[in-house]
Structures are given as C-alpha cells and as structure tokens.
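Participant: Okay, so here is run_19.pdb, and as you'll see once you scroll down, it has PDB, C-alpha atoms and all ligand atoms.
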ATOM      1  CA  MET Q   1     129.612 102.602  85.770  1.00  0.00           C
ATOM      2  CA  TYR Q   2     126.972 101.360  88.238  1.00  0.00           C
ATOM      3  CA  SER Q   3     127.649  99.246  91.309  1.00  0.00           C
ATOM      4  CA  GLU Q   4     126.104  95.796  91.606  1.00  0.00           C
ATOM      5  CA  LYS Q   5     123.837  97.094  94.346  1.00  0.00           C
ATOM      6  CA  VAL Q   6     122.522  99.903  92.151  1.00  0.00           C
ATOM      7  CA  MET Q   7     121.815  97.412  89.366  1.00  0.00           C
ATOM      8  CA  ASP Q   8     120.144  95.041  91.824  1.00  0.00           C
ATOM      9  CA  HIS Q   9     117.844  97.712  93.260  1.00  0.00           C
ATOM     10  CA  PHE Q  10     117.102  99.001  89.770  1.00  0.00           C
ATOM     11  CA  MET Q  11     116.247  95.555  88.370  1.00  0.00           C
ATOM     12  CA  ASN Q  12     114.442  94.337  91.516  1.00  0.00           C
ATOM     13  CA  PRO Q  13     113.281  97.419  93.361  1.00  0.00           C
ATOM     14  CA  ARG Q  14     112.014  96.724  96.884  1.00  0.00           C
ATOM     15  CA  ASN Q  15     108.743  98.094  98.219  1.00  0.00           C
ATOM     16  CA  VAL Q  16     107.246  99.286  94.949  1.00  0.00           C
ATOM     17  CA  GLY Q  17     103.604 100.240  95.091  1.00  0.00           C
ATOM     18  CA  GLU Q  18     101.151 102.246  97.110  1.00  0.00           C
ATOM     19  CA  ILE Q  19      99.814 102.015 100.645  1.00  0.00           C
ATOM     20  CA  GLU Q  20      96.120 102.601 101.034  1.00  0.00           C
ATOM     21  CA  ASN Q  21      95.356 104.853 103.979  1.00  0.00           C
ATOM     22  CA  ALA Q  22      99.003 105.672 104.482  1.00  0.00           C
ATOM     23  CA  GLU Q  23      99.582 108.152 107.281  1.00  0.00           C
ATOM     24  CA  ALA Q  24     102.187 109.978 105.227  1.00  0.00           C
ATOM     25  CA  VAL Q  25     102.278 110.541 101.482  1.00  0.00           C
ATOM     26  CA  GLY Q  26     104.723 112.791  99.719  1.00  0.00           C
ATOM     27  CA  GLN Q  27     105.598 113.538  96.142  1.00  0.00           C
ATOM     28  CA  VAL Q  28     108.562 115.373  94.745  1.00  0.00           C
ATOM     29  CA  GLY Q  29     109.793 116.065  91.281  1.00  0.00           C
ATOM     30  CA  ASN Q  30     112.963 117.131  89.620  1.00  0.00           C
ATOM     31  CA  ALA Q  31     112.079 120.021  87.376  1.00  0.00           C
ATOM     32  CA  LYS Q  32     115.072 119.502  85.125  1.00  0.00           C
ATOM     33  CA  CYS Q  33     114.683 115.865  84.166  1.00  0.00           C
ATOM     34  CA  GLY Q  34     110.955 115.631  84.894  1.00  0.00           C
ATOM     35  CA  ASP Q  35     111.340 112.580  87.128  1.00  0.00           C
ATOM     36  CA  ILE Q  36     108.736 112.118  89.845  1.00  0.00           C
ATOM     37  CA  MET Q  37     108.835 110.117  93.054  1.00  0.00           C
ATOM     38  CA  LYS Q  38     105.965 109.336  95.367  1.00  0.00           C
ATOM     39  CA  MET Q  39     106.474 107.869  98.841  1.00  0.00           C
ATOM     40  CA  TYR Q  40     103.904 106.265 101.148  1.00  0.00           C
ATOM     41  CA  LEU Q  41     104.599 105.655 104.838  1.00  0.00           C
ATOM     42  CA  LYS Q  42     102.560 103.674 107.312  1.00  0.00           C
ATOM     43  CA  ILE Q  43     103.288 105.177 110.706  1.00  0.00           C
ATOM     44  CA  ASP Q  44     102.226 103.496 113.912  1.00  0.00           C
ATOM     45  CA  ASN Q  45     103.141 105.050 117.226  1.00  0.00           C
ATOM     46  CA  ASP Q  46     105.951 107.076 115.655  1.00  0.00           C
ATOM     47  CA  ILE Q  47     107.418 103.955 114.003  1.00  0.00           C
ATOM     48  CA  ILE Q  48     107.468 103.576 110.233  1.00  0.00           C
ATOM     49  CA  THR Q  49     105.976 100.127 109.905  1.00  0.00           C
ATOM     50  CA  ASP Q  50     105.688 100.038 106.121  1.00  0.00           C
ATOM     51  CA  VAL Q  51     106.988 102.011 103.157  1.00  0.00           C
ATOM     52  CA  LYS Q  52     106.154 101.900  99.487  1.00  0.00           C
ATOM     53  CA  PHE Q  53     107.181 104.062  96.582  1.00  0.00           C
ATOM     54  CA  LYS Q  54     106.468 104.788  92.963  1.00  0.00           C
ATOM     55  CA  THR Q  55     109.126 106.398  90.876  1.00  0.00           C
ATOM     56  CA  PHE Q  56     108.711 107.578  87.333  1.00  0.00           C
ATOM     57  CA  GLY Q  57     112.306 108.201  86.653  1.00  0.00           C
ATOM     58  CA  CYS Q  58     115.777 107.082  85.787  1.00  0.00           C
ATOM     59  CA  GLY Q  59     117.498 103.964  87.074  1.00  0.00           C
ATOM     60  CA  SER Q  60     119.363 105.821  89.793  1.00  0.00           C
ATOM     61  CA  ALA Q  61     116.151 107.394  91.050  1.00  0.00           C
ATOM     62  CA  ILE Q  62     114.521 103.967  91.202  1.00  0.00           C
ATOM     63  CA  ALA Q  63     117.521 102.346  92.913  1.00  0.00           C
ATOM     64  CA  THR Q  64     117.837 105.125  95.479  1.00  0.00           C
ATOM     65  CA  SER Q  65     114.134 105.164  96.294  1.00  0.00           C
ATOM     66  CA  SER Q  66     114.218 101.399  96.724  1.00  0.00           C
ATOM     67  CA  MET Q  67     117.216 101.614  99.056  1.00  0.00           C
ATOM     68  CA  ALA Q  68     115.706 104.556 100.948  1.00  0.00           C
ATOM     69  CA  THR Q  69     112.545 102.571 101.705  1.00  0.00           C
ATOM     70  CA  GLU Q  70     114.637  99.739 103.122  1.00  0.00           C
ATOM     71  CA  MET Q  71     116.656 102.151 105.232  1.00  0.00           C
ATOM     72  CA  ILE Q  72     113.694 103.838 106.920  1.00  0.00           C
ATOM     73  CA  LYS Q  73     111.482 100.817 107.484  1.00  0.00           C
ATOM     74  CA  GLY Q  74     111.212 100.088 111.203  1.00  0.00           C
ATOM     75  CA  LYS Q  75     112.752 103.440 112.111  1.00  0.00           C
ATOM     76  CA  THR Q  76     111.171 106.297 114.024  1.00  0.00           C
ATOM     77  CA  VAL Q  77     109.947 109.343 112.125  1.00  0.00           C
ATOM     78  CA  LYS Q  78     112.839 111.394 113.487  1.00  0.00           C
ATOM     79  CA  GLU Q  79     115.388 108.786 112.396  1.00  0.00           C
ATOM     80  CA  ALA Q  80     113.880 108.762 108.911  1.00  0.00           C
ATOM     81  CA  LEU Q  81     114.235 112.535 108.729  1.00  0.00           C
ATOM     82  CA  LYS Q  82     117.965 112.125 109.263  1.00  0.00           C
ATOM     83  CA  LEU Q  83     118.299 110.021 106.136  1.00  0.00           C
ATOM     84  CA  THR Q  84     120.549 111.831 103.682  1.00  0.00           C
ATOM     85  CA  ASN Q  85     120.942 111.258  99.986  1.00  0.00           C
ATOM     86  CA  LYS Q  86     124.627 110.635 100.650  1.00  0.00           C
ATOM     87  CA  ALA Q  87     123.835 107.819 103.049  1.00  0.00           C
ATOM     88  CA  VAL Q  88     121.510 106.254 100.486  1.00  0.00           C
ATOM     89  CA  ALA Q  89     124.149 106.527  97.770  1.00  0.00           C
ATOM     90  CA  GLU Q  90     126.762 105.017 100.083  1.00  0.00           C
ATOM     91  CA  ALA Q  91     124.461 102.131 100.952  1.00  0.00           C
ATOM     92  CA  LEU Q  92     124.321 101.450  97.211  1.00  0.00           C
ATOM     93  CA  ASP Q  93     128.135 101.459  97.037  1.00  0.00           C
ATOM     94  CA  GLY Q  94     128.095 104.826  95.353  1.00  0.00           C
ATOM     95  CA  LEU Q  95     126.553 106.504  92.336  1.00  0.00           C
ATOM     96  CA  PRO Q  96     128.300 108.121  89.401  1.00  0.00           C
ATOM     97  CA  PRO Q  97     128.773 111.842  90.223  1.00  0.00           C
ATOM     98  CA  VAL Q  98     126.361 112.977  87.497  1.00  0.00           C
ATOM     99  CA  LYS Q  99     123.701 110.775  89.087  1.00  0.00           C
ATOM    100  CA  MET Q 100     124.033 112.041  92.640  1.00  0.00           C
ATOM    101  CA  HIS Q 101     121.184 114.492  92.108  1.00  0.00           C
ATOM    102  CA  CYS Q 102     118.828 111.559  91.541  1.00  0.00           C
ATOM    103  CA  SER Q 103     119.450 110.374  95.091  1.00  0.00           C
ATOM    104  CA  VAL Q 104     118.353 113.784  96.370  1.00  0.00           C
ATOM    105  CA  LEU Q 105     114.871 112.950  95.163  1.00  0.00           C
ATOM    106  CA  ALA Q 106     114.738 109.933  97.530  1.00  0.00           C
ATOM    107  CA  GLU Q 107     115.727 111.991 100.556  1.00  0.00           C
ATOM    108  CA  GLN Q 108     113.263 114.708  99.607  1.00  0.00           C
ATOM    109  CA  ALA Q 109     110.395 112.286  98.988  1.00  0.00           C
ATOM    110  CA  VAL Q 110     110.740 110.868 102.504  1.00  0.00           C
ATOM    111  CA  LYS Q 111     110.856 114.402 103.901  1.00  0.00           C
ATOM    112  CA  ALA Q 112     107.853 115.501 101.836  1.00  0.00           C
ATOM    113  CA  ALA Q 113     105.772 112.585 103.146  1.00  0.00           C
ATOM    114  CA  ILE Q 114     106.675 113.355 106.753  1.00  0.00           C
ATOM    115  CA  TYR Q 115     106.123 117.068 106.126  1.00  0.00           C
ATOM    116  CA  ASN Q 116     102.517 116.374 105.130  1.00  0.00           C
ATOM    117  CA  TYR Q 117     102.106 113.966 108.042  1.00  0.00           C
ATOM    118  CA  ALA Q 118     103.375 116.568 110.515  1.00  0.00           C
ATOM    119  CA  LYS Q 119     101.276 119.338 109.013  1.00  0.00           C
ATOM    120  CA  GLU Q 120      98.051 117.368 109.339  1.00  0.00           C
ATOM    121  CA  ARG Q 121      98.819 116.592 112.966  1.00  0.00           C
ATOM    122  CA  ASN Q 122     100.400 119.874 114.011  1.00  0.00           C
ATOM    123  CA  LEU Q 123     103.666 118.157 114.818  1.00  0.00           C
ATOM    124  CA  VAL Q 124     106.941 120.024 114.630  1.00  0.00           C
ATOM    125  CA  TYR Q 125     110.184 118.375 113.566  1.00  0.00           C
ATOM    126  CA  GLU Q 126     113.222 120.594 113.611  1.00  0.00           C
ATOM    127  CA  GLU Q 127     114.727 118.423 110.853  1.00  0.00           C
ATOM    128  CA  LEU Q 128     112.080 119.889 108.541  1.00  0.00           C
ATOM    129  CA  ASP Q 129     113.067 123.494 109.234  1.00  0.00           C
ATOM    130  CA  GLY Q 130     113.295 125.290 105.931  1.00  0.00           C
ATOM    131  CA  PHE Q 131     112.049 122.294 103.962  1.00  0.00           C
ATOM    132  CA  ASP Q 132     109.813 123.260 101.068  1.00  0.00           C
ATOM    133  CA  PRO Q 133     108.143 120.310  99.347  1.00  0.00           C
ATOM    134  CA  ASP Q 134     107.382 122.351  96.237  1.00  0.00           C
ATOM    135  CA  GLU Q 135     110.845 123.594  95.600  1.00  0.00           C
ATOM    136  CA  ASP Q 136     112.850 122.517  92.566  1.00  0.00           C
ATOM    137  CA  HIS Q 137     114.847 119.755  94.181  1.00  0.00           C
ATOM    138  CA  ASP Q 138     117.612 119.871  91.685  1.00  0.00           C
ATOM    139  CA  HIS Q 139     118.898 122.873  93.579  1.00  0.00           C
ATOM    140  CA  HIS Q 140     119.690 120.548  96.443  1.00  0.00           C
ATOM    141  CA  ASP Q 141     122.264 118.900  94.263  1.00  0.00           C
ATOM    142  CA  HIS Q 142     125.371 119.127  96.390  1.00  0.00           C
ATOM    143  CA  GLY Q 143     127.563 120.496  93.670  1.00  0.00           C
ATOM    144  CA  GLU Q 144     128.109 117.151  92.003  1.00  0.00           C
ATOM    145  CA  GLU Q 145     126.986 118.352  88.628  1.00  0.00           C
ATOM    146  CA  GLU Q 146     126.918 121.422  86.431  1.00  0.00           C
TER     147      GLU Q 146
HETATM  148 FE1  LIG Q 201     116.088 112.515  86.877  1.00  0.00          FE
HETATM  149 FE2  LIG Q 201     117.803 110.729  87.708  1.00  0.00          FE
HETATM  150  S1  LIG Q 201     117.816 111.756  85.816  1.00  0.00           S
HETATM  151  S2  LIG Q 201     116.223 111.665  88.812  1.00  0.00           S
END
Hey, can you dump this file as structure tokens for me?
Ligand code: FES
Facilitator:
Amino acid sequence: MYSEKVMDHFMNPRNVGEIENAEAVGQVGNAKCGDIMKMYLKIDNDIITDVKFKTFGCGSAIATSSMATEMIKGKTVKEALKLTNKAVAEALDGLPPVKMHCSVLAEQAVKAAIYNYAKERNLVYEELDGFDPDEDHDHHDHGEEE
C-alpha cells in the first residue's frame, strides 16, 4: 500500500526537531484527524538554509513533512512557496488516495511558517494570496477523499 520511499521517510524521517531562533515558524492542524505539524525555517538572505519539523500525526503526515523539508532546503522563500502537496507525494512515489490529504498538511505548514515570517517583516508574497493559516486544512483536500 505504501511506496518504499514513504516507508523510508516514515521510519527514518529527515530533519526532525526544532530550530532555536528560527526566522519562520508555522503550525497547522487537520481538524478532522487531529494531526498537527510544526515547521521551523532558518532563512538567510532569502535562502532557506535549514528546516526542521515536528509532526504529531499519521505515517503519511510524517513522511510528507520529512520529504517537504528536504525539498525546500537550499531553496529561496519564493521557490518554497511553490511547493505543492502533489509534488511532495510524487517525490515519495505516490500516496494512497485516502492519504493524499495528509500531504496537504506539509504544504500548508511550509506556507504557514513563511506567512508568519512575511507578516513580521511586512513582506508580500503573491503565492500567499488567500492563504489562511487557521483554516481547517482538510478542506484543501483536492477531492481525493470523501
Ligand atoms: Fe491526519 Fe494523515 S490521518 S494527517
């Protein structure tokens, strides 16, 4: 049911932890399953130099947050904002359809961190237009379930 990559990132998640004095910290939750994801970004000169995460959630949420951290490390803030849950799921060789919504949490956690970062610094990123960090993220589920 799960790809080898999903199992690998679930069993050995990369970049677990916290970053003290991180420039960007974001937390999102899925109201339906109660899973929570927190993302810490170290940003230097618009480059994401370090990423760590903590996920209290299912295996797919852990695997996708792990993969998401790897995908945005070394990227610019704008590039990280373009990360989609689909791209994360593809990088993991796919997720079962009923688990796609878990990958949404990873995309949203990155966005929530950058949202807070931008707000504190009065920066505007058009990629964040309409983004609401407090919204029930399950509604972003792209029709894969229910
Ligand atoms: Fe909640 Fe996967 S079941 S994020």
Participant: Go through the chains and note each residue within 8 Å of ligand LIG 201 (chain Q), using only C-alpha atoms and all ligand atoms, then give the set as number ranges by chain.
Facilitator: Q: 30, 32-36, 57-61, 99, 101-103, 105
Participant: Quick one: everything within 7 Å of Met39 (chain Q), counting only C-alpha atoms, minus sequence neighbours fewer than 4 positions away in the same chain. Send it as a count of residues only.
Facilitator: 9
Participant: To one decimal in Å, tell me the separation between CA of Thr55 (chain Q) and CA of Ala31 (chain Q).
Facilitator: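 CA of Thr55 (chain Q) sits 14.4 Å away from CA of Ala31 (chain Q).
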Participant: Care to translate the PyMOL selection byres (((chain Q and resi 20) around 10) and not hetatm) into actual residues of this file, as a ChimeraX atom specification?
Facilitator: /Q:17-19,21-23,40-42
Participant: Name all residues at most 8 Å from Lys73 (chain Q) (count only C-alpha atoms; drop same-chain ones fewer than 2 positions away) and give them as an MDAnalysis selection string.
Facilitator: chainID Q and resid 48:51 69:71 75
Participant: Identify the residues within 10 Å of coordinate (123.9, 107.5, 99.2) (same frame as the file), considering all atoms listed in the file, and give the answer as a VMD selection string.
Facilitator: chain Q and resid 64 67 to 68 83 to 95 100 103 to 104 106 to 107
Participant: Would you compute the distance between CA of Val77 (chain Q) and CA of Asn116 (chain Q)? Give it in Å to one decimal.
Facilitator: 12.4 Å
Participant: Nearest residue to Asp134 (chain Q) out of Q:Val28, Q:Ile62, Q:Leu81, Q:Ala118, using all atoms listed in the file?
Facilitator: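 Smallest distance to Asp134 (chain Q) is found for Q:Val28.
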Participant: Between CA of Val6 (chain Q) and CA of Met37 (chain Q), what distance in Å does the model show, to one decimal?
Facilitator: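 Value for the CA of Val6 (chain Q)-CA of Met37 (chain Q) distance: 17.1 Å.
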Participant: Around region 115-129 of chain Q, fit a box with edges along x, y and z, padding it by 3 Å on each side, then list its centre and edge lengths in Å to one decimal as lines of an AutoDock Vina configuration file.
Facilitator:
center_x = 106.4
center_y = 118.7
center_z = 110.0
size_x = 22.7
size_y = 15.5
size_z = 15.7
Participant: Which residue, Q:Met7, Q:Glu79, Q:Ile72, Q:Asp46, has the smallest gap to Leu123 (chain Q) when you use all atoms listed in the file?
Facilitator: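 Looking at the shortest contact to Leu123 (chain Q), the residue is Q:Asp46.
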Participant: So, with only C-alpha atoms as the atoms that count, which of Q:Glu126, Q:Pro13, Q:Ser3, Q:Tyr117 lies closest to Pro96 (chain Q)?
Facilitator: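 Result for the nearest residue to Pro96 (chain Q): Q:Ser3.
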